[in-house]
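Participant: Right, I'll just put the structure down here and ask away after.
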Amino acid sequence: MSKFLLFMMLLMAATGHSQQYLDQPFLQDQAKKYILNDSLKEEVLIKVAADRNGLIQVLGDSGLLLPFEKSLVKDQRYRPLIDMNILDLQEANGKLYYLSSKEVFTNAAGGTFYFDHEMNEPKLFALGQNETVLVVSKNQLKIFESKEVIWEHPLNDISVKELLFDANHNRFLLLTSSALYEVPLSNLSFEKIFDGETMNTMTFFKNSILVGTDNGVVELSGSPLKVMKIQYELPSNHITALKVINDELWYGSTNGAFKLRADGKYDYYASKRWLVDDEVLTLTEGPENSVLVLTRGGLSQIIFHQMTLEEKANYFQKIQRERHLRYGLTANLSFREPGNIATGYFNDSDNDGLWTSMYLAGELFRYAVTKSEDAKLNAYDAFEAMERLTDITPMHGFPARSYERDGYEVGLHANGFSEEWYQKHVKDNGRIWRLTDDEKWRWKSTTSSDESCGHFFVYALFAELAPDKEWRDRAIHQIKIQTDHIMENDWYLVDWNGEPTAWGRWNPKYVNQFPINVGDRRLNSTLILAFLQTAYHFTKDEKYKKAANKLIKRHGYDENANRPASVIGFVEGEDLSNKWNHSDDEMYFLTIPAFVKYSFEEAQKAKHLEAVKSHWEIERSEKNPLWNYLFALSGGTQIDFEESAWWLREFPMDLIDWSVDNSHRTDLKKIEPNFRGQTYSEVLPPDERPLHKHNGAYRNNGNGGGKREYAPYIYLLPYWAGRYVEAISAPQN
């Protein structure tokens with residue numbers, strides 16, 4: 001072998017490898033939440049601490065509490081502590097120490113460390129080296145060494161908010177809302193070392209003292225102390241707690257908790273996805289690499305554990321199979337009580353076929369990669385549920401939106417329509433939900449192009465990847481009958497009443513009525529050409545190719561479809577052009593593999609790929625792995641594999657639709673209002689914004705209220721698509 005050939009092979013191998021994310025374990029964050037027990041609803045929470053054994057205790061105004069299952073309950077283990085008036089709680093050297101109205105003590109080491117402080121109205125205490133103790137009351141402070149008082153000083157009504165021991169300078173620091181004081185142990189005295197305003201908390205970070213205020217964080221350094229910097233650009237500026245945990249700086253605020261990253265940005269933990277509520281009182285290190293965040297309403301434990309992307313997929317797969325299948329269709333889980341999975345129930349949606357197709361596609365990719373029998377069976381189950389969508393309607397090849405037993409249908413309306421449209425439609429045509437001949441089931445009409453996209457996308461994959469020919473043939477049959485329905489009805493989806501549905505429209509008169517800047521002209525041309533190419537590819541029936549060529553030559557559909565996505569924009573007077581439709585992105589990317597791969601000739605394929613690439617370029621800022629991997633499946637050779645993996649890593653483990661608000665954040669760079677609906681200069685991590693499907697990229701605020709749990713195909717499809725196109729490696733040790 002020549003040296004040049006060997007060099008080229010190594011170069012190609014290196015280039016290919018650089019386009020793959022190595023699935024090595026990363027730190028996945030997840031939250032456990034403990035809400036005050038019903039009998040403790042009026043409890044005022046004060047502090048939380050954990051010892052080296054993993055015991056977590058919360059101090060409330062009535063005594064000590066424990067996290068148990070999902071609640072905070074009374075700690076009744078040490079009977080003497082129940083009768084003591086515990087006022088403060090500290091962790092030091094892996095032990096828990098207590099301040100009561102009479103004593104400072106610990107139950108560790110045989111309970112040998114205890115002494116009477118003999119102070120009226122004690123408030124706070126702190127431990128220094130060798131169990132040196134500072135106790136502060138309303139009007140006095142005392143220093144104890146070997147359990148004996150070595151120094152005391154009046155406070156004259158100075159209201160101390162927080163104490164801290166500075167090991168580097170062998171001193172205690174005392175913080176009030178307007179000043180910082182020190183008590184040096186080498187030269188016992190009480191000195192003011194800094195004046196400030198609205199100060200709430202403090203910590204040491206690197207070589208500085210950080211002070212959290214009502215308006216940012218003040219960095220102090222030097223001797224005498226000077227203000228080095230004030231941090232204003234934070235997720236929240238009203239700082240209530242500061243703590244260095246595992247060498248990382250954590251902030252508590254009235255709008256949640258956040259952590260400083262190495263790149264100078266923040267990981268933000270807010271909303272009920274992460275916290276019982278957002279008003280943080282204090283935070284501290286928890287057991288097993290966790291962070292404890294105490295808020296007004298309870299305790300949240302943010303846990304960090306090693307996980308690969310595949311392990312994350314396995315976690316979601318279990319949830320999908322346990323509580324997101326309705327008659328085999330993929331379904332969200334709605335809650336009778338917000339956030340309470342035990343009260344969950346299924347309901348139909350407008351796009352049950354589309355969501356099921358996306359889960360089914362993920363299982364097909366999983367089977368292709370792993371040859372898992374479980375993946376195959378799951379795919380066949382989902383296929384049969386989708387197959388019934390055409391079987392249940394009386395119109396040949398017309399897919400229903402959904403189906404349900406008569407009397408139990410929930411989604412009475414249709415998404416994307418006004419109440420006025422709905423009322424008029426029912427008045428003119430009758431109910432959207434139609435009764436089957438046996439009068440036991442109803443199927444939902446008004447099917448849209450979204451549904452057709454899902455059907456054609458997954459049936460093509462099924463026909464390629466399913467291992468059994470008889471099943472593949474069933475998928476090809478679905479492709480044929482649905483294409484035939486559209487062709488036989490003059491390029492429309494025609495409903496039970498003989499009328500075209502509102503959005504199932506590919507007729508030239510409809511498509512070409514739009515200016516070239518309106519996305520529907522480009523999108524609908526792309527869709528119908530992809531449908532026809534798919535039908536021809538699998539059946540070799542010339543009628544589909546002839547029909548496509550007629551649309552191309554007579555009506556300019558190839559010209560429409562091949563326009564770069566950059567032409568899409570606002571057109572005065574066109575309702576469909578007032579903003580960028582991210583649901584259209586979803587339809588487009590599900591369609592592009594067939595649009596490119598099944599092109600009739602190579603020259604056409606090259607043009608189709610170029611058009612697809614233009615759309616992908618516009619969408620790159622979303623860092624959406626599904627767009628990237630479907631672009632790769634369509635022939636894209638360079639994708640954003642690291643950005644895609646970032647999205648998968650940052651996708652939350654909690655799938656509940658919690659209310660999320662980022663509107664107050666000053667750490668994010670806002671951009672001018674725009675056609676695409678993008679608010680910030682870069683997309684937020686998925687775990688910091690409202691949970692949504694792939695058609696809601698820039699939605700940073702939402703009032704979901706914890707009323708449902710999303711089906712986890714949102715993660716499963718992109719992950720397994722990434723494995724299939726080899727953009728993600730198998731798990732690495």
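Residue numbers start at 1 in each chain; chains themselves are named A, B, ... in the order of the structure tokens; ligands are numbered from 1 in the order shown.
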Please list as a ChimeraX atom specification every residue within 7 Å of range 596-606 of chain A, counting only C-alpha atoms and excluding residues in the same chain fewer than 6 positions away.
Facilitator: /A:533-534,537,634
Participant: Using the selection just defined, write its residues with N, CA, C and O atoms as a PDB file, in the first residue's frame.
Facilitator:
ATOM      1  N   GLN A 533     -42.950  10.542  -5.009  1.00  0.00           N
ATOM      2  CA  GLN A 533     -41.665   9.844  -5.161  1.00  0.00           C
ATOM      3  C   GLN A 533     -41.635   8.585  -4.304  1.00  0.00           C
ATOM      4  O   GLN A 533     -41.126   7.538  -4.740  1.00  0.00           O
ATOM      5  N   THR A 534     -42.169   8.686  -3.082  1.00  0.00           N
ATOM      6  CA  THR A 534     -42.205   7.531  -2.182  1.00  0.00           C
ATOM      7  C   THR A 534     -43.071   6.421  -2.774  1.00  0.00           C
ATOM      8  O   THR A 534     -42.685   5.244  -2.783  1.00  0.00           O
ATOM      9  N   HIS A 537     -41.230   4.870  -5.674  1.00  0.00           N
ATOM     10  CA  HIS A 537     -40.043   4.115  -5.238  1.00  0.00           C
ATOM     11  C   HIS A 537     -40.417   2.714  -4.784  1.00  0.00           C
ATOM     12  O   HIS A 537     -39.711   1.740  -5.097  1.00  0.00           O
ATOM     13  N   SER A 634     -30.845  12.451   4.803  1.00  0.00           N
ATOM     14  CA  SER A 634     -31.181  12.899   3.449  1.00  0.00           C
ATOM     15  C   SER A 634     -29.943  13.072   2.567  1.00  0.00           C
ATOM     16  O   SER A 634     -30.082  13.376   1.385  1.00  0.00           O
TER      17      SER A 634
END
Participant: Leaving out Pro224 in chain A and any residue of its chain fewer than 4 positions from it, which residues lie within 10 Å of it when counting only C-alpha atoms, given as a ChimeraX atom specification?
Facilitator: /A:193-194,220
Participant: Selected residues, C-alpha atoms, written as a tab-separated table (two decimals), in the first residue's frame, please.
Facilitator:
chain	number	residue	atom	x	y	z
A	193	ILE	CA	-14.88	45.92	57.46
A	194	PHE	CA	-17.43	46.87	54.77
A	220	LEU	CA	-14.96	42.03	47.65
Participant: Could you tell me how far CA of Ile46 in chain A lies from CA of Ser146 in chain A, in Å and to one decimal?
Facilitator: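 For CA of Ile46 in chain A relative to CA of Ser146 in chain A, the distance reads 27.8 Å.
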Participant: Neighbouring residues of Trp441 in chain A were defined as those with any atom within 7 Å, considering only C-alpha atoms; residues of the same chain fewer than 4 positions away were excluded. Please report them as number ranges by chain.
Facilitator: A: 404-406, 435-436
Participant: For N, CA and C atoms, I'd like the residues from the last selection saved as a tab-separated table (two decimals), in the first residue's frame.
Facilitator:
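Generated file (out05.tsv):
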chain	number	residue	atom	x	y	z
A	404	GLU	N	-61.45	6.95	19.23
A	404	GLU	CA	-61.74	6.71	20.64
A	404	GLU	C	-63.11	6.04	20.73
A	405	ARG	N	-63.35	5.34	21.81
A	405	ARG	CA	-64.67	4.74	22.02
A	405	ARG	C	-65.72	5.84	22.13
A	406	ASP	N	-66.88	5.57	21.60
A	406	ASP	CA	-67.94	6.57	21.56
A	406	ASP	C	-68.28	7.08	22.96
A	435	LEU	N	-69.13	8.73	13.92
A	435	LEU	CA	-69.47	7.43	14.50
A	435	LEU	C	-69.21	6.31	13.49
A	436	THR	N	-68.63	5.21	13.98
A	436	THR	CA	-68.40	4.05	13.10
A	436	THR	C	-69.72	3.30	12.88
Participant: Give me the residues within 6 Å of Thr666 in chain A as a ChimeraX atom specification, counting only C-alpha atoms and dropping any in the same chain fewer than 4 places off.
Facilitator: /A:233-235
Participant: So that I can check the secondary structure, give me every residue of range 61-147 of chain A assigned alpha helix (DSSP H) by backbone DSSP, as number ranges by chain.
Facilitator: A: 79-83
Participant: At a cut-off of 10 Å, using only C-alpha atoms, what residues contact Tyr345 in chain A? Leave out same-chain residues fewer than 4 positions from it and give the result as JSON, numbers by chain.
Facilitator: {"A": [323, 324, 326, 331, 332, 333, 334, 335, 336, 341, 708]}
Participant: Could you dump the residues just selected with N, CA and C atoms as a PDB file, in the first residue's frame?
Facilitator:
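Saved result, out.pdb, follows:
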ATOM      1  N   ARG A 323     -46.702   4.399  30.387  1.00  0.00           N
ATOM      2  CA  ARG A 323     -47.812   5.331  30.555  1.00  0.00           C
ATOM      3  C   ARG A 323     -48.040   6.277  29.381  1.00  0.00           C
ATOM      4  N   HIS A 324     -47.637   5.880  28.175  1.00  0.00           N
ATOM      5  CA  HIS A 324     -47.881   6.768  27.038  1.00  0.00           C
ATOM      6  C   HIS A 324     -48.374   6.024  25.799  1.00  0.00           C
ATOM      7  N   ARG A 326     -51.951   4.646  24.134  1.00  0.00           N
ATOM      8  CA  ARG A 326     -53.419   4.607  24.135  1.00  0.00           C
ATOM      9  C   ARG A 326     -53.860   3.847  22.903  1.00  0.00           C
ATOM     10  N   ALA A 331     -49.432   8.786  23.177  1.00  0.00           N
ATOM     11  CA  ALA A 331     -50.317   9.794  23.759  1.00  0.00           C
ATOM     12  C   ALA A 331     -49.643  10.471  24.931  1.00  0.00           C
ATOM     13  N   ASN A 332     -49.944  11.753  25.122  1.00  0.00           N
ATOM     14  CA  ASN A 332     -49.564  12.431  26.350  1.00  0.00           C
ATOM     15  C   ASN A 332     -50.420  11.915  27.496  1.00  0.00           C
ATOM     16  N   LEU A 333     -49.990  12.191  28.722  1.00  0.00           N
ATOM     17  CA  LEU A 333     -50.753  11.810  29.900  1.00  0.00           C
ATOM     18  C   LEU A 333     -51.251  13.085  30.571  1.00  0.00           C
ATOM     19  N   SER A 334     -52.562  13.266  30.605  1.00  0.00           N
ATOM     20  CA  SER A 334     -53.146  14.446  31.255  1.00  0.00           C
ATOM     21  C   SER A 334     -53.388  14.155  32.724  1.00  0.00           C
ATOM     22  N   PHE A 335     -53.361  15.210  33.552  1.00  0.00           N
ATOM     23  CA  PHE A 335     -53.482  15.042  34.997  1.00  0.00           C
ATOM     24  C   PHE A 335     -54.751  15.696  35.520  1.00  0.00           C
ATOM     25  N   ARG A 336     -55.420  14.995  36.425  1.00  0.00           N
ATOM     26  CA  ARG A 336     -56.540  15.600  37.134  1.00  0.00           C
ATOM     27  C   ARG A 336     -56.039  16.555  38.220  1.00  0.00           C
ATOM     28  N   ILE A 341     -48.751  12.265  38.751  1.00  0.00           N
ATOM     29  CA  ILE A 341     -48.838  11.195  37.754  1.00  0.00           C
ATOM     30  C   ILE A 341     -49.907  10.173  38.121  1.00  0.00           C
ATOM     31  N   ARG A 708     -49.908  18.016  32.310  1.00  0.00           N
ATOM     32  CA  ARG A 708     -49.720  16.816  31.499  1.00  0.00           C
ATOM     33  C   ARG A 708     -48.249  16.417  31.489  1.00  0.00           C
TER      34      ARG A 708
END
Participant: With a distance cut-off of 10 Å and only C-alpha atoms, select the neighbouring residues of Lys142 in chain A, excluding the residue or stretch itself and same-chain residues fewer than 2 positions from it, and output the selection as number ranges by chain.
Facilitator: A: 117-119, 125, 133-137, 140, 144, 148-154
Participant: Can you write out the residues you just picked, keeping N, CA and C atoms, as an mmCIF file, in the first residue's frame?
Facilitator:
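Result file is result_31.cif:
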data_model
loop_
_atom_site.group_PDB
_atom_site.id
_atom_site.type_symbol
_atom_site.label_atom_id
_atom_site.label_comp_id
_atom_site.auth_asym_id
_atom_site.auth_seq_id
_atom_site.Cartn_x
_atom_site.Cartn_y
_atom_site.Cartn_z
ATOM 1 N N HIS A 117 -24.854 27.742 76.538
ATOM 2 C CA HIS A 117 -24.330 29.033 76.080
ATOM 3 C C HIS A 117 -24.750 30.197 76.983
ATOM 4 N N GLU A 118 -25.818 29.989 77.758
ATOM 5 C CA GLU A 118 -26.282 30.985 78.726
ATOM 6 C C GLU A 118 -26.511 32.354 78.076
ATOM 7 N N MET A 119 -27.256 32.343 76.985
ATOM 8 C CA MET A 119 -27.570 33.584 76.266
ATOM 9 C C MET A 119 -29.072 33.710 76.117
ATOM 10 N N PHE A 125 -25.413 30.377 65.064
ATOM 11 C CA PHE A 125 -24.094 29.971 65.529
ATOM 12 C C PHE A 125 -23.281 29.481 64.337
ATOM 13 N N VAL A 133 -16.616 27.886 68.633
ATOM 14 C CA VAL A 133 -18.001 28.205 68.300
ATOM 15 C C VAL A 133 -18.270 29.694 68.545
ATOM 16 N N LEU A 134 -18.939 30.306 67.579
ATOM 17 C CA LEU A 134 -19.474 31.660 67.737
ATOM 18 C C LEU A 134 -20.989 31.556 67.851
ATOM 19 N N VAL A 135 -21.546 32.146 68.901
ATOM 20 C CA VAL A 135 -23.008 32.189 69.062
ATOM 21 C C VAL A 135 -23.438 33.647 69.089
ATOM 22 N N VAL A 136 -24.489 33.957 68.361
ATOM 23 C CA VAL A 136 -25.007 35.321 68.265
ATOM 24 C C VAL A 136 -26.441 35.345 68.775
ATOM 25 N N SER A 137 -26.733 36.305 69.613
ATOM 26 C CA SER A 137 -28.105 36.537 70.049
ATOM 27 C C SER A 137 -28.542 37.912 69.567
ATOM 28 N N GLN A 140 -25.949 40.202 71.737
ATOM 29 C CA GLN A 140 -24.659 39.766 72.242
ATOM 30 C C GLN A 140 -24.059 38.709 71.330
ATOM 31 N N PHE A 144 -16.747 30.549 72.032
ATOM 32 C CA PHE A 144 -16.481 29.427 72.929
ATOM 33 C C PHE A 144 -15.327 28.604 72.367
ATOM 34 N N GLU A 148 -15.867 26.506 76.609
ATOM 35 C CA GLU A 148 -15.838 27.600 77.572
ATOM 36 C C GLU A 148 -15.830 28.943 76.838
ATOM 37 N N VAL A 149 -16.447 29.936 77.453
ATOM 38 C CA VAL A 149 -16.457 31.275 76.874
ATOM 39 C C VAL A 149 -15.060 31.870 76.960
ATOM 40 N N ILE A 150 -14.535 32.331 75.828
ATOM 41 C CA ILE A 150 -13.225 32.992 75.844
ATOM 42 C C ILE A 150 -13.343 34.481 75.516
ATOM 43 N N TRP A 151 -14.528 34.870 74.986
ATOM 44 C CA TRP A 151 -14.691 36.296 74.660
ATOM 45 C C TRP A 151 -16.153 36.561 74.373
ATOM 46 N N GLU A 152 -16.611 37.743 74.727
ATOM 47 C CA GLU A 152 -17.976 38.145 74.399
ATOM 48 C C GLU A 152 -18.004 39.632 74.106
ATOM 49 N N HIS A 153 -19.056 40.039 73.377
ATOM 50 C CA HIS A 153 -19.115 41.432 72.941
ATOM 51 C C HIS A 153 -20.576 41.809 72.726
ATOM 52 N N PRO A 154 -20.962 43.014 73.122
ATOM 53 C CA PRO A 154 -22.350 43.440 72.878
ATOM 54 C C PRO A 154 -22.580 43.736 71.394
#
Participant: As a PDB file with C-alpha atoms, in the first residue's frame, please: the residues near Asp437 in chain A (cut-off 12 Å, only C-alpha atoms, same-chain neighbours under 5 positions excluded).
Facilitator:
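Output below, filename out-v5.pdb:
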ATOM      1  CA  ILE A 392     -61.647   3.071  10.587  1.00  0.00           C
ATOM      2  CA  THR A 393     -62.736   5.724   8.049  1.00  0.00           C
ATOM      3  CA  PRO A 394     -65.226   4.956   5.248  1.00  0.00           C
ATOM      4  CA  ASP A 406     -67.945   6.575  21.556  1.00  0.00           C
ATOM      5  CA  ARG A 442     -65.678   7.520  16.811  1.00  0.00           C
ATOM      6  CA  TRP A 443     -62.926   8.756  14.528  1.00  0.00           C
TER       7      TRP A 443
END
Participant: As a PyMOL selection string, please: every residue in range 411-644 of chain A that a backbone DSSP assignment puts in strand (DSSP E).
Facilitator: chain A and resi 433-435+441-444+492-494+500-505
